[in-house]
>>> print(open('start-v9.cif').read())   # mmCIF, C-alpha atoms
data_protein
loop_
_atom_site.label_atom_id
_atom_site.label_comp_id
_atom_site.auth_asym_id
_atom_site.auth_seq_id
_atom_site.Cartn_x
_atom_site.Cartn_y
_atom_site.Cartn_z
CA MET F 1 8.44 0.90 -32.13
CA ASP F 2 9.01 -2.04 -29.75
CA SER F 3 6.24 -2.91 -27.34
CA VAL F 4 6.77 -2.03 -23.70
CA VAL F 5 7.44 -5.04 -21.46
CA TYR F 6 5.71 -5.16 -18.06
CA GLU F 7 5.99 -7.47 -15.08
CA PRO F 8 3.98 -10.65 -15.69
CA SER F 9 0.25 -10.34 -14.97
CA VAL F 10 0.45 -6.80 -13.50
CA PHE F 11 -1.01 -4.85 -16.43
CA SER F 12 -4.51 -6.09 -17.27
CA PRO F 13 -5.60 -4.92 -20.74
CA PHE F 14 -9.24 -4.27 -21.55
CA ASP F 15 -10.77 -6.08 -24.49
CA GLU F 16 -10.61 -3.76 -27.47
CA SER F 17 -14.09 -2.39 -28.07
CA THR F 18 -15.73 0.80 -29.26
CA ALA F 19 -17.57 1.16 -25.94
CA VAL F 20 -14.39 0.98 -23.84
CA ASN F 21 -12.52 3.39 -26.11
CA GLU F 22 -15.42 5.84 -26.02
CA LEU F 23 -15.45 5.76 -22.21
CA ALA F 24 -11.71 6.54 -22.15
CA ALA F 25 -11.86 9.28 -24.77
CA GLY F 26 -10.95 12.65 -23.27
CA LEU F 27 -10.62 11.19 -19.77
CA THR F 28 -8.29 13.21 -17.52
CA PHE F 29 -7.16 12.07 -14.08
CA SER F 30 -9.01 13.37 -11.04
CA LEU F 31 -9.48 12.22 -7.46
CA ASN F 32 -12.88 13.89 -7.26
CA GLY F 33 -16.30 12.48 -7.98
CA ALA F 34 -17.83 9.01 -8.19
CA PRO F 35 -15.83 6.07 -9.62
CA HIS F 36 -15.57 6.26 -13.42
CA PRO F 37 -17.39 3.49 -15.36
CA LEU F 38 -14.03 2.05 -16.44
CA CYS F 39 -13.02 1.85 -12.77
CA LEU F 40 -16.25 -0.01 -12.02
CA LEU F 41 -15.45 -2.41 -14.87
CA ALA F 42 -11.89 -2.96 -13.58
CA ALA F 43 -13.08 -3.33 -9.98
CA GLY F 44 -15.58 -5.95 -11.09
CA HIS F 45 -12.78 -7.91 -12.78
CA LEU F 46 -10.61 -7.63 -9.67
CA GLN F 47 -13.39 -8.66 -7.30
CA ALA F 48 -14.07 -11.73 -9.43
CA HIS F 49 -10.36 -12.56 -9.18
CA LEU F 50 -10.45 -12.20 -5.39
CA GLN F 51 -13.34 -14.66 -5.23
CA GLN F 52 -11.89 -17.21 -7.66
CA GLN F 53 -8.09 -17.22 -7.22
CA GLN F 54 -6.44 -20.20 -5.52
CA GLU F 55 -2.87 -18.89 -5.14
CA TRP F 56 -3.08 -17.48 -1.61
CA GLU F 57 -5.39 -17.45 1.44
CA HIS F 58 -6.42 -14.35 3.35
CA ASN F 59 -9.20 -14.18 5.91
CA PHE F 60 -11.42 -11.30 4.82
CA GLY F 61 -14.16 -12.52 7.14
CA LEU F 62 -16.31 -13.56 4.18
CA PRO F 63 -18.05 -16.92 3.60
CA GLY F 64 -15.50 -19.53 2.55
CA ASN F 65 -12.50 -17.71 4.05
CA ALA F 66 -10.08 -19.49 6.39
CA ALA F 67 -10.58 -19.27 10.13
CA GLY F 68 -8.46 -16.95 12.22
CA THR F 69 -7.98 -13.21 12.56
CA ILE F 70 -10.24 -11.27 10.19
CA ILE F 71 -8.43 -8.62 8.17
CA GLY F 72 -10.52 -6.67 5.66
CA LYS F 73 -8.47 -4.91 3.01
CA MET F 74 -8.58 -1.82 0.80
CA PHE F 75 -7.94 -2.51 -2.88
CA GLY F 76 -7.38 -0.06 -5.71
CA VAL F 77 -7.63 -0.04 -9.49
CA LEU F 78 -5.95 2.51 -11.74
CA ILE F 79 -7.07 2.90 -15.35
CA VAL F 80 -4.01 3.54 -17.52
CA ARG F 81 -2.99 4.02 -21.12
CA THR F 82 0.39 2.50 -21.93
CA LYS F 83 3.17 4.00 -24.01
CA ASP F 84 2.10 1.82 -26.93
CA ASN F 85 -1.52 3.06 -26.56
CA LYS F 86 -3.05 0.02 -24.88
CA LEU F 87 -5.89 0.63 -22.45
CA GLY F 88 -6.17 -1.37 -19.24
CA TYR F 89 -5.81 -1.26 -15.49
CA LEU F 90 -3.41 -1.88 -12.63
CA ALA F 91 -4.43 -3.31 -9.25
CA ALA F 92 -2.99 -2.88 -5.75
CA PHE F 93 -3.79 -3.68 -2.14
CA SER F 94 -3.13 -1.59 0.94
CA GLY F 95 -0.49 -2.92 3.33
CA LYS F 96 0.16 -6.64 3.06
CA LEU F 97 -2.03 -9.38 1.64
CA ALA F 98 -1.93 -12.97 2.93
CA GLY F 99 1.18 -12.02 4.90
CA GLY F 100 3.10 -10.92 1.81
CA ASN F 101 3.88 -7.99 -0.46
CA HIS F 102 4.08 -9.76 -3.82
CA HIS F 103 1.18 -11.49 -5.55
CA ALA F 104 0.28 -12.08 -9.19
CA LYS F 105 -1.96 -9.39 -10.71
CA PHE F 106 -0.88 -6.72 -8.19
CA VAL F 107 1.78 -4.01 -8.51
CA PRO F 108 4.78 -4.41 -6.15
CA PRO F 109 5.28 -2.35 -2.97
CA ILE F 110 7.28 0.87 -2.96
CA PHE F 111 9.60 -0.79 -0.44
CA ASP F 112 9.55 -4.44 0.64
CA GLY F 113 10.17 -4.54 4.38
CA LEU F 114 9.60 -8.30 4.41
CA GLU F 115 12.68 -9.09 2.33
CA PRO F 116 14.59 -11.94 4.05
CA GLY F 117 17.77 -10.74 5.71
CA GLY F 118 16.74 -7.09 5.40
CA PHE F 119 17.30 -4.49 8.09
CA VAL F 120 13.61 -4.43 9.04
CA ASN F 121 13.59 -8.08 10.12
CA THR F 122 16.87 -7.60 11.97
CA GLY F 123 15.51 -4.52 13.73
CA MET F 124 12.27 -6.26 14.72
CA LEU F 125 14.22 -9.21 16.16
CA LYS F 126 16.15 -6.77 18.35
CA LEU F 127 12.89 -5.19 19.56
CA THR F 128 11.55 -8.64 20.40
CA ALA F 129 14.68 -9.44 22.41
CA ILE F 130 14.38 -6.18 24.36
CA ASN F 131 10.71 -6.87 25.10
CA GLU F 132 11.53 -10.37 26.33
CA GLU F 133 14.25 -9.01 28.62
CA ILE F 134 11.85 -6.40 30.01
CA GLY F 135 9.27 -9.11 30.67
CA ILE F 136 11.78 -11.19 32.63
CA LEU F 137 13.01 -8.26 34.72
CA GLU F 138 9.50 -7.03 35.54
CA ALA F 139 8.91 -10.31 37.37
CA PHE F 140 11.47 -9.21 39.98
CA ASP F 141 10.18 -6.75 42.55
CA ASP F 142 13.38 -4.86 43.38
CA ASP F 143 14.90 -1.48 42.66
CA ALA F 144 17.81 -2.81 40.58
CA SER F 145 15.45 -4.61 38.19
CA ALA F 146 13.16 -1.57 38.01
CA GLU F 147 16.10 0.61 36.96
CA GLN F 148 17.15 -1.89 34.30
CA VAL F 149 13.58 -1.95 32.98
CA ARG F 150 13.55 1.84 32.81
CA LEU F 151 16.80 1.90 30.80
CA LEU F 152 15.62 -0.90 28.50
CA LYS F 153 12.40 0.99 27.75
CA ILE F 154 14.45 4.03 26.75
CA LEU F 155 16.60 1.78 24.54
CA ARG F 156 13.46 0.25 23.02
CA LYS F 157 11.96 3.66 22.24
CA ASN F 158 15.18 4.96 20.65
CA HIS F 159 15.65 1.79 18.62
CA SER F 160 12.04 1.83 17.44
CA THR F 161 12.26 5.49 16.41
CA ALA F 162 15.53 4.94 14.52
CA LEU F 163 14.14 1.86 12.78
CA GLN F 164 10.98 3.69 11.71
CA HIS F 165 13.06 6.59 10.35
CA LYS F 166 15.26 4.22 8.35
CA ILE F 167 12.14 2.57 6.92
CA PHE F 168 10.75 5.95 5.87
CA GLU F 169 14.06 6.72 4.14
CA GLN F 170 13.48 3.79 1.77
CA TYR F 171 10.27 5.23 0.31
CA HIS F 172 10.74 7.48 -2.72
CA PHE F 173 7.84 8.61 -4.90
CA LEU F 174 7.83 9.80 -8.50
CA ASN F 175 5.51 12.46 -9.81
CA LYS F 176 4.22 12.72 -13.36
CA ALA F 177 7.16 14.97 -14.28
CA GLY F 178 9.61 12.27 -13.16
CA THR F 179 10.76 14.08 -10.00
CA SER F 180 11.40 11.83 -7.00
CA LYS F 181 10.88 12.78 -3.36
CA SER F 182 11.40 10.76 -0.22
CA LEU F 183 8.60 10.16 2.24
CA ILE F 184 10.46 12.30 4.78
CA GLU F 185 10.73 15.20 2.31
CA ILE F 186 7.05 14.95 1.43
CA PHE F 187 5.88 15.20 5.05
CA GLU F 188 8.42 17.66 6.42
CA HIS F 189 6.17 20.65 5.65
CA THR F 190 2.95 19.09 6.98
CA PRO F 191 1.57 20.03 10.44
CA SER F 192 3.07 16.89 12.03
CA GLY F 193 6.39 17.32 10.24
CA LYS F 194 6.84 13.58 9.85
CA PRO F 195 5.09 10.67 8.11
CA PRO F 196 2.51 8.64 10.02
CA ALA F 197 3.14 4.92 10.48
CA GLY F 198 2.14 2.98 7.37
CA ALA F 199 2.52 5.93 5.00
CA GLY F 200 3.36 4.75 1.48
CA GLU F 201 1.64 1.38 1.96
CA CYS F 202 -1.76 2.41 0.58
CA ALA F 203 -3.03 1.31 -2.82
CA ALA F 204 -3.11 4.69 -4.60
CA PRO F 205 0.61 5.58 -4.23
CA LYS F 206 1.61 2.04 -5.25
CA LEU F 207 -0.50 2.31 -8.39
CA LEU F 208 0.75 5.72 -9.46
CA GLN F 209 4.36 4.78 -8.76
CA TYR F 210 4.12 1.75 -11.05
CA ALA F 211 2.38 3.77 -13.75
CA PHE F 212 5.00 6.54 -13.75
CA ARG F 213 7.90 4.07 -13.69
CA HIS F 214 6.53 2.36 -16.77
CA ALA F 215 5.52 5.45 -18.75
CA MET F 216 1.80 4.79 -18.33
CA GLU F 217 -0.73 7.62 -18.33
CA PRO F 218 -3.09 7.46 -15.30
CA LEU F 219 -6.69 8.06 -16.34
CA ALA F 220 -8.87 7.19 -13.33
CA LEU F 221 -8.55 5.72 -9.85
CA ALA F 222 -10.94 3.95 -7.49
CA GLU F 223 -10.47 2.15 -4.18
CA PHE F 224 -12.89 -0.29 -2.54
CA TRP F 225 -13.04 -2.15 0.76
CA TRP F 226 -13.16 -5.97 0.66
CA GLY F 227 -14.18 -8.00 3.70
CA GLN F 228 -15.40 -7.25 7.19
CA SER F 229 -14.48 -3.93 8.76
CA PRO F 230 -12.63 -3.65 12.08
CA LYS F 231 -15.12 -2.85 14.83
CA SER F 232 -13.58 0.58 15.35
CA ASP F 233 -13.90 1.57 11.69
CA TYR F 234 -16.70 2.12 9.22
CA TRP F 235 -15.65 0.54 5.92
CA GLN F 236 -18.27 -1.62 4.26
CA HIS F 237 -17.64 -4.61 2.03
CA GLY F 238 -17.63 -3.70 -1.66
CA HIS F 239 -18.05 0.06 -1.10
CA PHE F 240 -15.81 2.64 -2.76
CA TYR F 241 -13.83 5.25 -0.81
CA ALA F 242 -11.57 8.20 -1.56
CA PRO F 243 -7.85 7.85 -0.69
CA CYS F 244 -7.23 8.51 3.01
CA ARG F 245 -6.10 12.01 3.99
CA GLU F 246 -3.77 11.16 6.89
CA LYS F 247 -1.40 8.87 4.95
CA CYS F 248 -2.07 9.67 1.29
CA ALA F 249 -2.98 13.35 0.84
CA ALA F 250 0.59 14.71 1.00
CA ILE F 251 1.99 11.84 -1.09
CA LEU F 252 -0.63 12.21 -3.79
CA ALA F 253 -0.20 15.99 -3.85
CA HIS F 254 3.44 15.41 -4.80
CA MET F 255 2.77 12.55 -7.21
CA LEU F 256 0.09 14.42 -9.11
CA GLY F 257 1.99 17.72 -9.13
CA GLU F 258 4.32 19.05 -11.80
#
>>> encode(input="start-v9.cif", output="structure tokens")
Amino acid sequence: MDSVVYEPSVFSPFDESTAVNELAAGLTFSLNGAPHPLCLLAAGHLQAHLQQQQEWEHNFGLPGNAAGTIIGKMFGVLIVRTKDNKLGYLAAFSGKLAGGNHHAKFVPPIFDGLEPGGFVNTGMLKLTAINEEIGILEAFDDDASAEQVRLLKILRKNHSTALQHKIFEQYHFLNKAGTSKSLIEIFEHTPSGKPPAGAGECAAPKLLQYAFRHAMEPLALAEFWWGQSPKSDYWQHGHFYAPCREKCAAILAHMLGE
């Protein structure tokens, strides 16, 4: 049987050893409990990569990082067994990293909203133009300008809502049975009835999507925070956390279902 071909540097195989194989023996995927030893091994490899790589710069707020806005980041590792029985891991980051969606060693996004010439950039440019026009008109203290500002704010809200809906339409998630559902379908039966902003950008869905697309068996997942935490949040550098409930629970319920 021919070997399966993966995107360059995305699948990271473990060194073949009795110890690694014994740790993977009988392992079944679960989101519960402490990180599996293989996840700790993979996370250690990934953290070493984050400290040593020279391909991109991102200010995590750690010693040696570039100056500027500090943006800590959630990373994930997924232990997988490939179709040709190789054991290794996949890595992903939540949101964007160093201003981009594509970096060596990491799985790609579900949808790349940064693609040049795409509808997202076009839509954001329109929002910027509306905001600039509002700013100019607000400098005039008269009723006519106030009415124009009111109408422009309605236009801005409608455009923003339509743009967000179109973005959500681009996200489709596979489950382990190969069934695909859109982000809108996944959230339509939740209490809010719609996806929250940023849904589909977290590490766990990216990892499972790549695994299912490439006939890999997920064995274990772990996510850790890297860098300083925003003042309003509680994440601590190097600590492990379960996937978030607000953005990920409904997506993962579909992806891990039959």
>>> closest_atom_pairs(input="start-v9.cif", of="stretch 166-251 of chain F", to="stretch 30-49 of chain F", cutoff="7 Å", atoms="only C-alpha atoms", output="JSON lines")
{"residue": "F:Ala220", "atom": "CA", "partner": "F:Ser30", "partner_atom": "CA", "distance": 6.6}
{"residue": "F:Leu221", "atom": "CA", "partner": "F:Cys39", "partner_atom": "CA", "distance": 6.6}
{"residue": "F:Ala222", "atom": "CA", "partner": "F:Pro35", "partner_atom": "CA", "distance": 5.7}
>>> residues_around(input="start-v9.cif", residues="F:Ser17", least_positions_apart="4", cutoff="12 Å", atoms="all atoms listed in the file", output="list in words")
Pro13, Asn21, Glu22, Leu23, Ala24, Lys86, Leu87 and Gly88 of chain F
>>> residues_around(input="start-v9.cif", residues="stretch 223-238 of chain F", least_positions_apart="4", cutoff="6 Å", atoms="all atoms listed in the file", output="PyMOL selection string")
chain F and resi 60-62+72-76
>>> closest_residue(input="start-v9.cif", among="F:Ile136, F:Glu246, F:Leu127, F:Gly193", to="F:Ile154", atoms="only C-alpha atoms")
F:Leu127
>>> atom_distance(input="start-v9.cif", atom1="atom CA of F:Arg156", atom2="atom CA of F:Leu125")
11.7 Å
>>> resolve_selection(input="start-v9.cif", expression="the PyMOL selection byres ((chain F and resi 91-95) around 8)", output="number ranges by chain")
F: 10, 46, 73-78, 89-90, 96-97, 101, 105-108, 198, 201-204, 206-207
>>> atom_distance(input="start-v9.cif", atom1="atom CA of F:Ala253", atom2="atom CA of F:Phe168")
17.8 Å
>>> closest_residue(input="start-v9.cif", among="F:Leu50, F:Pro205, F:Ile251, F:Ile71", to="F:Phe187", atoms="only C-alpha atoms")
F:Ile251
>>> residues_around(input="start-v9.cif", residues="F:Arg150", least_positions_apart="6", cutoff="12 Å", atoms="all atoms listed in the file", output="ChimeraX atom specification")
/F:130-131,133-135,137-138,143-144,156-157
>>> write_last_selection(input="start-v9.cif", atoms="C-alpha atoms", output="short mmCIF file (atom, residue, chain, number, x, y, z; two decimals), in the frame of the given file")
data_model
loop_
_atom_site.label_atom_id
_atom_site.label_comp_id
_atom_site.auth_asym_id
_atom_site.auth_seq_id
_atom_site.Cartn_x
_atom_site.Cartn_y
_atom_site.Cartn_z
CA ILE F 130 14.38 -6.18 24.36
CA ASN F 131 10.71 -6.87 25.10
CA GLU F 133 14.25 -9.01 28.62
CA ILE F 134 11.85 -6.40 30.01
CA GLY F 135 9.27 -9.11 30.67
CA LEU F 137 13.01 -8.26 34.72
CA GLU F 138 9.50 -7.03 35.54
CA ASP F 143 14.90 -1.48 42.66
CA ALA F 144 17.81 -2.81 40.58
CA ARG F 156 13.46 0.25 23.02
CA LYS F 157 11.96 3.66 22.24
#
>>> closest_residue(input="start-v9.cif", among="F:His103, F:Arg245, F:Lys153, F:His254", to="F:Asn175", atoms="only C-alpha atoms")
F:His254
>>> resolve_selection(input="start-v9.cif", expression="the PyMOL selection byres ((chain F and resi 111) around 10)", output="list in words")
Asn101, Pro108, Pro109, Ile110, Asp112, Gly113, Leu114, Glu115, Ile167, Phe168, Glu169, Gln170, Tyr171, His172, Gly200, Glu201 and Lys206 of chain F
>>> atom_distance(input="start-v9.cif", atom1="atom CA of F:Ser9", atom2="atom CA of F:Arg213")
16.4 Å
